[in-house]
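Novice: There's a structure below that I have some questions on.
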Protein chains: 2
Amino acid sequence: MSAQPYSLLIKHILKMPIAQASRREIVYRGDRRFTYPQFVERVNRLGGVLAGLGAAMGSRIAVMDWDSHRYLEAYFAVPMSGAVLMMVNIRLSPDQIAYTIDHSGAEILFVNSDFLPVLSAIRDRLPRLRAIVLMTDEASPPDLPEGFAGEYEALLAQVPAEHDFPDFDENTQATTFYTTGTTGLPKGVMFSHRQLVLHTMVIMATMAMAGLNGRISREDVYMPLTPMFHVHAWGFPYAATMMGMQQVYVGRFLPDVVCRLLRTERVTVSHCVPTIMHMILTAPAAKDIDLTGWRVIIGGSALPRALCEAGLARGLDIYAAYGMSETCPILTMTQLRGDILDAAENRNEAEVAIRISAGLPATLVELRVVDDAMNDVPRDGKSVGEVVARSPFLTPGYAGNPEASDALWRGGWLHTGDIGTLDADGYLRIVDRVKDVIKTGGEWISSIGIEDIILTHPGVAEAAVVGVPDERWGERPVAFVVLKQNAAQDEEAIRSHVRARADLGEISRYAVPDRIVIVEALDKTSVGKLDKKTMRIRATETSPHAVA
Amino acid sequence: MSAQPYSLLIKHILKMPIAQASRREIVYRGDRRFTYPQFVERVNRLGGVLAGLGAAMGSRIAVMDWDSHRYLEAYFAVPMSGAVLMMVNIRLSPDQIAYTIDHSGAEILFVNSDFLPVLSAIRDRLPRLRAIVLMTDEASPPDLPEGFAGEYEALLAQVPAEHDFPDFDENTQATTFYTTGTTGLPKGVMFSHRQLVLHTMVIMATMAMAGLNGRISREDVYMPLTPMFHVHAWGFPYAATMMGMQQVYVGRFLPDVVCRLLRTERVTVSHCVPTIMHMILTAPAAKDIDLTGWRVIIGGSALPRALCEAGLARGLDIYAAYGMSETCPILTMTQLRGDILDAAENRNEAEVAIRISAGLPATLVELRVVDDAMNDVPRDGKSVGEVVARSPFLTPGYAGNPEASDALWRGGWLHTGDIGTLDADGYLRIVDRVKDVIKTGGEWISSIGIEDIILTHPGVAEAAVVGVPDERWGERPVAFVVLKQNAAQDEEAIRSHVRARADLGEISRYAVPDRIVIVEALDKTSVGKLDKKTMRIRATETSPHAVA
């Protein structure tokens with residue numbers, strides 16, 4: 001055969017906007033703007049810098065930065081060089097940051113000057129690190145700390161504008177980052193060029209199907225509100241670049257900056273966790289911004305009904321997606337379907353129910369909901385089981401941890417650890433985490449369902465429900481609640497609110513929490529998710545009926 | 001590593017609508033309607049029938065049918081069985097049909113009863129064929145001809161509704177069909193599972209980018225007007241199935257049937273060659289149909305400006321795509337871009353110019369326009385050269401023809417044989433075929449450009465320009481013209497019409513054809529393209545100044 005074999009490499013994503021010569025820009029905080037040709041040149045120059053620093057096939061290159069054009073440059077130049085991009089979770093503790101950088105085997109580190117204090121505290125625990133590059137937003141960078149290889153912009157300026165990136169096997173590893181599980185040390189996941197190219201295509205192909213909500217196109221202005229160290233900002237920067245979209249990066253997440261950029265850059269597409277959306281919708285700076293038509297994908301945690309309705313009331317096209325660090329991450333995305341809405345008794349209600357579900361499997365994603373013996377549970381929207389998946393872009397395992405890898409992939413399917421249910425139309429609803437699930441009197445309770453009800457109480461801003469051990473029932477639900485400003489502190493009123501819904505038959509009577517605990521703020525993990533592990537400990541410690 | 005490897009197999013396309021349980025239908029001529037679950041069951045049954053007939057990995061299974069649900073079932077069940085689907089071009093001569101079926105090595109043939117006369121004429125030249133299945137639209141099928149294995153529906157009914165399709169390497173061949181080149185015997189191209197899955201994803205991902213024209217979604221009603229034997233109906237049936245779209249298949253192409261289905265099935269998306277679109281726009285039955293919003297992709301030949309404008313005037317979203325049998329076929333697709341239109345002096349004019357260009361490279365398609373030494377010509381929208389391509393879904397070569405394969409892939413790029421030009425925004429315009437190009441007095445002439453001008457003459461229905469040998473100038477252009485009904489036969493008026501545009505400087509004076517030949521119909525190839533090879537012979541034979 002005479003054909004040139006064609007591998008799925010990340011450099012082929014970047015060839016598209018070059019070929020199409022987008023006239024759009026990559027914007028950083030509104031201050032710095034790059035055309036696509038300039039961006040491509042900077043990726044080339046970063047390739048030259050990496051080569052100069054001795055990066056080779058398989059070298060681990062770590063990055064510690066806020067969301068930025070620089071991070072996007074690293075998304076491309078590092079894997080295109082055959083090296084592996086290690087995205088450091090800057091919200092972890094210094095101990096964990098040291099562990100993850102060292103465990104990844106990183107040789108070179110690109111670090112934002114904001115993180116120099118953390119770095120100096122852990123530098124002596126990173127013996128494998130042999131070159132550090134300083135990144136800074138300052139016009140005149142500070143004096144280079146001792147032992148640094150150079151400053152990012154200065155290094156880029158010293159190398160040629162052209163750079164030849166090599167060809168190699170599409171199964172070459174491209175990225176790695178660490179997920180903080182409920183137990184043990186952070187675990188390293190890994191994704192190959194083939195996986196990231198296919199994930200990019202799957203995001204685009206899946207969004208092509210959207211007819212009634214969540215439509216995107218090359219005309220959009222994209223601004224991620226998910227950290228770029230977190231599962232490749234859900235993979236969207238690769239898709240946005242392939243489409244030649246206008247892209248806006250916010251730097252350190254500050255609500256005022258985000259609100260300003262939303263307005264001045266006319267952002268049309270974003271994605272974030274519920275907490276961030278809640279923050280924006282309640283930020284004084286956002287009050288006067290017209291958010292109509294802003295399409296926002298909510299992930300990381302379930303989209304609470306109250307938040308969805310608040311977003312819809314502001315004119316947002318807000319909807320959920322579902323995935324995890326191990327899955328690149330997109331597994332499902334919520335899309336309204338005319339065939340379903342047309343048949344619904346109450347179209348608005350059906351629409352909200354779809355928007356807050358986890359959605360439909362993305363293209364090339366196979367999902368099952370199974371019992372302990374890996375048998376499918378009925379697709380009736382009621383029967384629950386663990387969500388397991390297959391697709392071309394799931395992590396093959398955890399770095400250096402065969403035991404956890406085997407557990408993740410037992411039976412040949414990736415186990416999400418989430419409890420869900422599929423309905424006859426193929427929509428997935430996540431009911432709970434395997435480890436968070438509340439089982440009381442032998443029956444499952446969906447903590448998300450109770451949270452949704454509590455959130456409809458007019459005085460409640462945020463809510464989280466966890467199960468605590470109980471001698472009689474096995475477990476009992478406890479709700480942590482953050483009140484709205486000026487709301488009366490009345491736990492019993494909230495309990496009555498939930499009980500009234502149980503009286504209506506919407507939830508079981510045994511799902512009404514025994515205790516409502518009013519707190520200043522909910523415990524969150526480093527990536528802004530509800531930290532139910534900590535809350536469960538807190539609830540157990542304060543329980544009058546705790547199991548010893 | 002603990003992961004289940006995940007191959008790109010055609011069965012994974014079909015898993016999506018199952019998982020998503022589309023409530024849409026597959027419709028055949030408006031008479032027969034299948035839900036997606038029924039369709040999936042029929043694919044399973046066809047898998048059982050193929051197994052019963054002894055089809056194995058690599059078996060060649062040929063199909064002779066009009067566009068139908070049956071063909072769609074074969075698109076899936078044959079490759080999913082590990083066999084190779086051979087799509088017979090029913091418009092070829094009986095000799096060529098015999099040659100292509102035999103050359104492909106087909107063992108089993110599925111044949112529509114309409115083609116029984118052709119089959120009986122060539123049956124003795126198909127010694128490798130060991131089983132024939134009859135397909136028919138009749139409620140009660142005719143008596144089974146001697147030597148047939150059975151009738152399609154009867155065979156489907158005899159096997160179980162469930163069928164396990166095997167797993168295998170994604171590079172396994174899935175399809176083959178024959179392209180009739182300008183010289184020699186038909187040549188067999190071939191595509192693998194990986195290639196067809198990626199092509200499907202690329203169609204969807206590319207269409208996801210469309211913001212201003214050509215948007216599709218799962219809400220659309222799809223009706224191909226391209227034969228399904230012709231490059232997988234350009235690959236769209238796979239994408240439509242993956243999206244769970246409503247799909248309509250027209251059977252034998254009859255303008256009245258097409259017009260009826262357009263109306264009754266509320267079709268929103270189609271694709272066809274210019275000839276078919278011309279036929280529909282001028283069909284009496286289409287006069288009273290509201291075609292507003294019908295999105296039609298024109299391929300196979302360039303989209304003439306006059307046809308584009310006629311379509312726009314009827315409210316169509318009409319635009320061009322470009323590819324060939326060797327390329328699966330999508331290489332480029334026309335998409336309007338706000339960044340370009342906003343900057344244009346005349347927005348309407350800029351829009352039409354984009355719609356009739358070949359468009360932008362699809363995702364994962366690399367295009368170059370090169371000179372004879374394979375150097376890129378400038379991207380200035382003027383410099384011309386041959387269009388060459390790389391992508392993951394180009395045929396690796398021609399079956400059993402290493403010489404032609406090497407020529408196709410010389411220099412590691414697939415040579416399209418088309419002369420084109422890329423502009424600074426990445427849009428491709430096809431100027432001519434390498435072999436059709438007119439070179440007069442040392443200068444290239446675009447025959448398409450002259451055709452476009454002739455077509456703006458009020459009396460002209462169709463036009464084709466070819467070059468004929470000329471002692472003085474090397475070649476000179478000759479135009480073949482089909483007049484509109486009742487138009488006066490006035491060759492000189494048409495020549496003056498072209499000359500007036502040359503006087504305005506729009507084209508060179510030497511591009512004005514020496515002769516206008518008025519004909520009843522233009523020569524067409526079996527797939528409805530202009531047959532310039534035949535026209536050139538015809539023009540040369542009748543030329544008063546022909547080179548001996």
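By order of appearance in the structure tokens: chains A, B, ..., then residues from 1 within every chain, and ligands from 1 in the order shown.
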Could you build a table of the residues in chain A lying no more than 6 Å from chain B, giving for each the nearest pair of atoms and their separation in Å rounded to one decimal place, using only C-alpha atoms, ordered by chain and ascending residue number, as CSV?

Specialist:
```
residue,atom,partner,partner_atom,distance
A:Met1,CA,B:Pro396,CA,5.7
A:Ser2,CA,B:Asp406,CA,5.5
A:Ala3,CA,B:Pro396,CA,4.6
A:Gln4,CA,B:Gly412,CA,5.3
A:Tyr6,CA,B:Pro392,CA,5.1
A:Ala19,CA,B:Gly426,CA,5.4
A:Gln20,CA,B:Gly426,CA,4.3
A:Ala21,CA,B:Asp425,CA,5.1
A:Met201,CA,B:Ala205,CA,5.9
A:Met204,CA,B:Ala205,CA,4.6
A:Ala205,CA,B:Ala205,CA,4.4
A:Ala208,CA,B:Ala208,CA,4.2
A:Met209,CA,B:Ser217,CA,4.2
A:Ala210,CA,B:Ser217,CA,5.5
A:Gly211,CA,B:Ser217,CA,4.9
A:Ser217,CA,B:Met209,CA,4.2
A:Arg218,CA,B:Met209,CA,4.8
A:Glu219,CA,B:Gly211,CA,5.6
A:Pro392,CA,B:Tyr6,CA,5.1
A:Pro396,CA,B:Ala3,CA,4.6
A:Gly397,CA,B:Met1,CA,5.8
A:Ser405,CA,B:Ser2,CA,5.9
A:Asp406,CA,B:Ser2,CA,5.5
A:Trp409,CA,B:Ser2,CA,5.8
A:Gly412,CA,B:Gln4,CA,5.3
A:Asp425,CA,B:Ala21,CA,5.1
A:Gly426,CA,B:Gln20,CA,4.3
```

Novice: Just N, CA, C and O atoms for this one: save the residues we selected as an mmCIF file, in the first residue's frame.

Specialist:
```cif
data_model
loop_
_atom_site.group_PDB
_atom_site.id
_atom_site.type_symbol
_atom_site.label_atom_id
_atom_site.label_comp_id
_atom_site.auth_asym_id
_atom_site.auth_seq_id
_atom_site.Cartn_x
_atom_site.Cartn_y
_atom_site.Cartn_z
ATOM 1 N N MET A 1 0.833 -1.205 0.000
ATOM 2 C CA MET A 1 0.000 0.000 0.000
ATOM 3 C C MET A 1 0.869 1.258 0.000
ATOM 4 O O MET A 1 1.909 1.316 0.636
ATOM 5 N N SER A 2 0.409 2.256 -0.699
ATOM 6 C CA SER A 2 1.249 3.422 -0.949
ATOM 7 C C SER A 2 0.955 4.580 -0.012
ATOM 8 O O SER A 2 1.585 5.619 -0.093
ATOM 9 N N ALA A 3 -0.058 4.430 0.854
ATOM 10 C CA ALA A 3 -0.504 5.574 1.628
ATOM 11 C C ALA A 3 0.476 5.960 2.705
ATOM 12 O O ALA A 3 1.206 5.129 3.241
ATOM 13 N N GLN A 4 0.476 7.224 3.022
ATOM 14 C CA GLN A 4 1.156 7.754 4.194
ATOM 15 C C GLN A 4 0.282 7.422 5.405
ATOM 16 O O GLN A 4 -0.872 7.818 5.449
ATOM 17 N N TYR A 6 -1.513 7.831 8.875
ATOM 18 C CA TYR A 6 -1.895 9.090 9.512
ATOM 19 C C TYR A 6 -2.271 8.821 10.960
ATOM 20 O O TYR A 6 -3.290 8.205 11.247
ATOM 21 N N ALA A 19 -4.588 26.035 9.090
ATOM 22 C CA ALA A 19 -5.097 25.866 7.737
ATOM 23 C C ALA A 19 -6.237 26.853 7.509
ATOM 24 O O ALA A 19 -6.389 27.414 6.432
ATOM 25 N N GLN A 20 -7.034 27.036 8.528
ATOM 26 C CA GLN A 20 -8.209 27.874 8.354
ATOM 27 C C GLN A 20 -7.926 29.324 8.715
ATOM 28 O O GLN A 20 -8.770 30.192 8.502
ATOM 29 N N ALA A 21 -6.723 29.576 9.251
ATOM 30 C CA ALA A 21 -6.292 30.944 9.495
ATOM 31 C C ALA A 21 -7.364 31.764 10.191
ATOM 32 O O ALA A 21 -7.813 32.785 9.693
ATOM 33 N N MET A 201 -12.584 15.295 19.197
ATOM 34 C CA MET A 201 -13.568 15.021 18.145
ATOM 35 C C MET A 201 -14.918 14.660 18.758
ATOM 36 O O MET A 201 -15.975 15.040 18.240
ATOM 37 N N MET A 204 -16.800 17.725 19.952
ATOM 38 C CA MET A 204 -17.381 18.465 18.826
ATOM 39 C C MET A 204 -18.542 17.695 18.205
ATOM 40 O O MET A 204 -19.599 18.261 17.903
ATOM 41 N N ALA A 205 -18.340 16.388 17.983
ATOM 42 C CA ALA A 205 -19.396 15.580 17.360
ATOM 43 C C ALA A 205 -20.634 15.546 18.238
ATOM 44 O O ALA A 205 -21.769 15.609 17.752
ATOM 45 N N ALA A 208 -22.400 18.736 18.014
ATOM 46 C CA ALA A 208 -23.072 18.887 16.713
ATOM 47 C C ALA A 208 -24.502 18.366 16.779
ATOM 48 O O ALA A 208 -25.371 18.818 16.040
ATOM 49 N N MET A 209 -24.752 17.407 17.660
ATOM 50 C CA MET A 209 -26.082 16.811 17.736
ATOM 51 C C MET A 209 -27.095 17.738 18.402
ATOM 52 O O MET A 209 -28.300 17.541 18.262
ATOM 53 N N ALA A 210 -26.588 18.724 19.148
ATOM 54 C CA ALA A 210 -27.484 19.554 19.960
ATOM 55 C C ALA A 210 -28.363 20.433 19.073
ATOM 56 O O ALA A 210 -27.869 21.249 18.312
ATOM 57 N N GLY A 211 -29.661 20.248 19.195
ATOM 58 C CA GLY A 211 -30.563 21.054 18.382
ATOM 59 C C GLY A 211 -31.274 22.124 19.173
ATOM 60 O O GLY A 211 -31.600 23.183 18.634
ATOM 61 N N SER A 217 -20.459 26.867 18.046
ATOM 62 C CA SER A 217 -19.922 26.938 16.690
ATOM 63 C C SER A 217 -18.657 27.778 16.719
ATOM 64 O O SER A 217 -18.296 28.341 17.756
ATOM 65 N N ARG A 218 -18.033 27.905 15.575
ATOM 66 C CA ARG A 218 -16.826 28.703 15.471
ATOM 67 C C ARG A 218 -17.097 30.180 15.738
ATOM 68 O O ARG A 218 -16.173 30.957 15.920
ATOM 69 N N GLU A 219 -18.363 30.582 15.765
ATOM 70 C CA GLU A 219 -18.696 31.984 16.008
ATOM 71 C C GLU A 219 -18.679 32.334 17.494
ATOM 72 O O GLU A 219 -18.797 33.498 17.855
ATOM 73 N N PRO A 392 -12.924 5.201 23.887
ATOM 74 C CA PRO A 392 -11.504 5.202 23.491
ATOM 75 C C PRO A 392 -10.633 6.115 24.344
ATOM 76 O O PRO A 392 -9.441 6.162 24.129
ATOM 77 N N PRO A 396 -5.895 4.299 31.086
ATOM 78 C CA PRO A 396 -5.640 2.853 31.162
ATOM 79 C C PRO A 396 -5.394 2.376 32.592
ATOM 80 O O PRO A 396 -5.394 1.173 32.835
ATOM 81 N N GLY A 397 -5.196 3.295 33.516
ATOM 82 C CA GLY A 397 -4.964 2.899 34.897
ATOM 83 C C GLY A 397 -4.352 4.061 35.657
ATOM 84 O O GLY A 397 -4.367 5.190 35.174
ATOM 85 N N SER A 405 -5.532 0.239 39.735
ATOM 86 C CA SER A 405 -5.887 0.142 38.321
ATOM 87 C C SER A 405 -6.811 -1.047 38.077
ATOM 88 O O SER A 405 -7.805 -0.944 37.351
ATOM 89 N N ASP A 406 -6.469 -2.174 38.693
ATOM 90 C CA ASP A 406 -7.309 -3.360 38.528
ATOM 91 C C ASP A 406 -8.706 -3.126 39.093
ATOM 92 O O ASP A 406 -9.701 -3.567 38.526
ATOM 93 N N TRP A 409 -10.768 -1.024 36.738
ATOM 94 C CA TRP A 409 -11.162 -1.679 35.482
ATOM 95 C C TRP A 409 -11.722 -3.095 35.696
ATOM 96 O O TRP A 409 -11.729 -3.894 34.765
ATOM 97 N N GLY A 412 -13.453 -5.454 33.044
ATOM 98 C CA GLY A 412 -13.260 -4.881 31.708
ATOM 99 C C GLY A 412 -13.996 -3.575 31.474
ATOM 100 O O GLY A 412 -14.022 -3.086 30.346
ATOM 101 N N ASP A 425 -35.048 6.508 27.467
ATOM 102 C CA ASP A 425 -34.534 7.361 26.398
ATOM 103 C C ASP A 425 -33.017 7.463 26.405
ATOM 104 O O ASP A 425 -32.442 8.140 25.549
ATOM 105 N N GLY A 426 -32.376 6.827 27.384
ATOM 106 C CA GLY A 426 -30.923 6.821 27.403
ATOM 107 C C GLY A 426 -30.302 7.867 28.308
ATOM 108 O O GLY A 426 -29.078 7.979 28.375
#
```

Novice: As a PyMOL selection string, please: every residue in range 178-418 of chain A that DSSP puts in strand (DSSP E).

Specialist: chain A and resi 178-179+187-192+221-222+246-249+269-272+295-298+317-323+330-333+360-361+366-370+385-390+414-418

Novice: For Leu116 in chain B, find every residue with an atom within 12 Å (counting only C-alpha atoms), except residues of its own chain fewer than 5 positions away, and show them as number ranges by chain.

Specialist: B: 64-65, 90, 94, 109-111, 121-123, 132-136, 142, 144-146, 148

Novice: Convert the current residue selection to file output with C-alpha atoms, as an mmCIF file, in the first residue's frame.

Specialist:
```
data_model
loop_
_atom_site.group_PDB
_atom_site.id
_atom_site.type_symbol
_atom_site.label_atom_id
_atom_site.label_comp_id
_atom_site.auth_asym_id
_atom_site.auth_seq_id
_atom_site.Cartn_x
_atom_site.Cartn_y
_atom_site.Cartn_z
ATOM 1 C CA MET B 64 -27.136 -3.708 -5.996
ATOM 2 C CA ASP B 65 -30.005 -1.575 -4.744
ATOM 3 C CA ILE B 90 -25.551 0.350 -11.016
ATOM 4 C CA PRO B 94 -23.109 -4.312 -17.775
ATOM 5 C CA LEU B 109 -24.778 -10.597 -3.841
ATOM 6 C CA PHE B 110 -27.873 -8.794 -2.589
ATOM 7 C CA VAL B 111 -29.760 -7.604 -5.674
ATOM 8 C CA ALA B 121 -26.837 -10.987 -18.722
ATOM 9 C CA ILE B 122 -23.582 -11.165 -16.745
ATOM 10 C CA ARG B 123 -24.213 -14.094 -14.392
ATOM 11 C CA ILE B 132 -27.601 -14.403 -4.338
ATOM 12 C CA VAL B 133 -30.313 -12.770 -2.220
ATOM 13 C CA LEU B 134 -33.307 -11.104 -3.851
ATOM 14 C CA MET B 135 -34.476 -7.709 -2.592
ATOM 15 C CA THR B 136 -37.802 -6.316 -3.715
ATOM 16 C CA PRO B 142 -41.938 -12.861 -7.340
ATOM 17 C CA LEU B 144 -37.391 -16.856 -6.487
ATOM 18 C CA PRO B 145 -35.179 -17.124 -9.597
ATOM 19 C CA GLU B 146 -33.225 -20.332 -9.919
ATOM 20 C CA PHE B 148 -31.056 -17.747 -5.456
#
```

Novice: Considering only C-alpha atoms, return as a list in words whatever protein or nucleic-acid residues lie within 10 Å of range 499-513 of chain B, sequence-local ones (same chain, fewer than 5 positions apart) excluded.

Specialist: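 The residues that qualify are Ile438, Lys439, Thr440, Gly441, Glu443, Trp444, Ile445, Ser446, Ser447, Gly449, Ile450, Ile453, Ile454, Val465, Val466, Gly467, Trp473, Arg476, Pro477, Val478, Ala479, Phe480, Ala493 and Ile494 of chain B.
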
Novice: Could you give me, as a PyMOL selection string, the residues within 7 Å of Leu225 in chain B, counting only C-alpha atoms and dropping anything in the same chain fewer than 6 positions from it?

Specialist: chain B and resi 270-272

Novice: Those same residues - N, CA and C atoms - I'd like them written as a PDB file, in the first residue's frame.

Specialist:
```pdb
ATOM      1  N   SER B 270     -30.221  17.578   3.036  1.00  0.00           N
ATOM      2  CA  SER B 270     -29.926  16.649   1.943  1.00  0.00           C
ATOM      3  C   SER B 270     -28.557  16.962   1.369  1.00  0.00           C
ATOM      4  N   HIS B 271     -28.137  16.113   0.438  1.00  0.00           N
ATOM      5  CA  HIS B 271     -26.932  16.403  -0.342  1.00  0.00           C
ATOM      6  C   HIS B 271     -27.099  15.794  -1.713  1.00  0.00           C
ATOM      7  N   CYS B 272     -26.534  16.433  -2.732  1.00  0.00           N
ATOM      8  CA  CYS B 272     -26.662  15.920  -4.106  1.00  0.00           C
ATOM      9  C   CYS B 272     -25.676  16.621  -5.021  1.00  0.00           C
TER      10      CYS B 272
END
```

Novice: Which residues are near Trp66 in chain A? Cut-off 9 Å, only C-alpha atoms, ignore same chain within fewer than 5 positions. Put them as a VMD selection string.

Specialist: chain A and resid 71 90 112 227 to 229 249 to 253

Novice: From a backbone DSSP assignment, name each residue in range 356-455 of chain B labelled alpha helix (DSSP H), as a list in words.

Specialist: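 Alpha helix (DSSP H) members of range 356-455 of chain B, listed: Pro402, Glu403, Ala404, Ser405, Asp406, Ala407, Leu408, Ser447, Ile448, Gly449, Ile450, Glu451, Asp452, Ile453, Ile454 and Leu455 of chain B.
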
Novice: Which neighbours of Lys532 in chain A fall inside 9 Å, counting only C-alpha atoms, when residues of the same chain fewer than 6 positions from it are skipped, and could you give them as a ChimeraX atom specification?

Specialist: /A:436,464-466,523-525
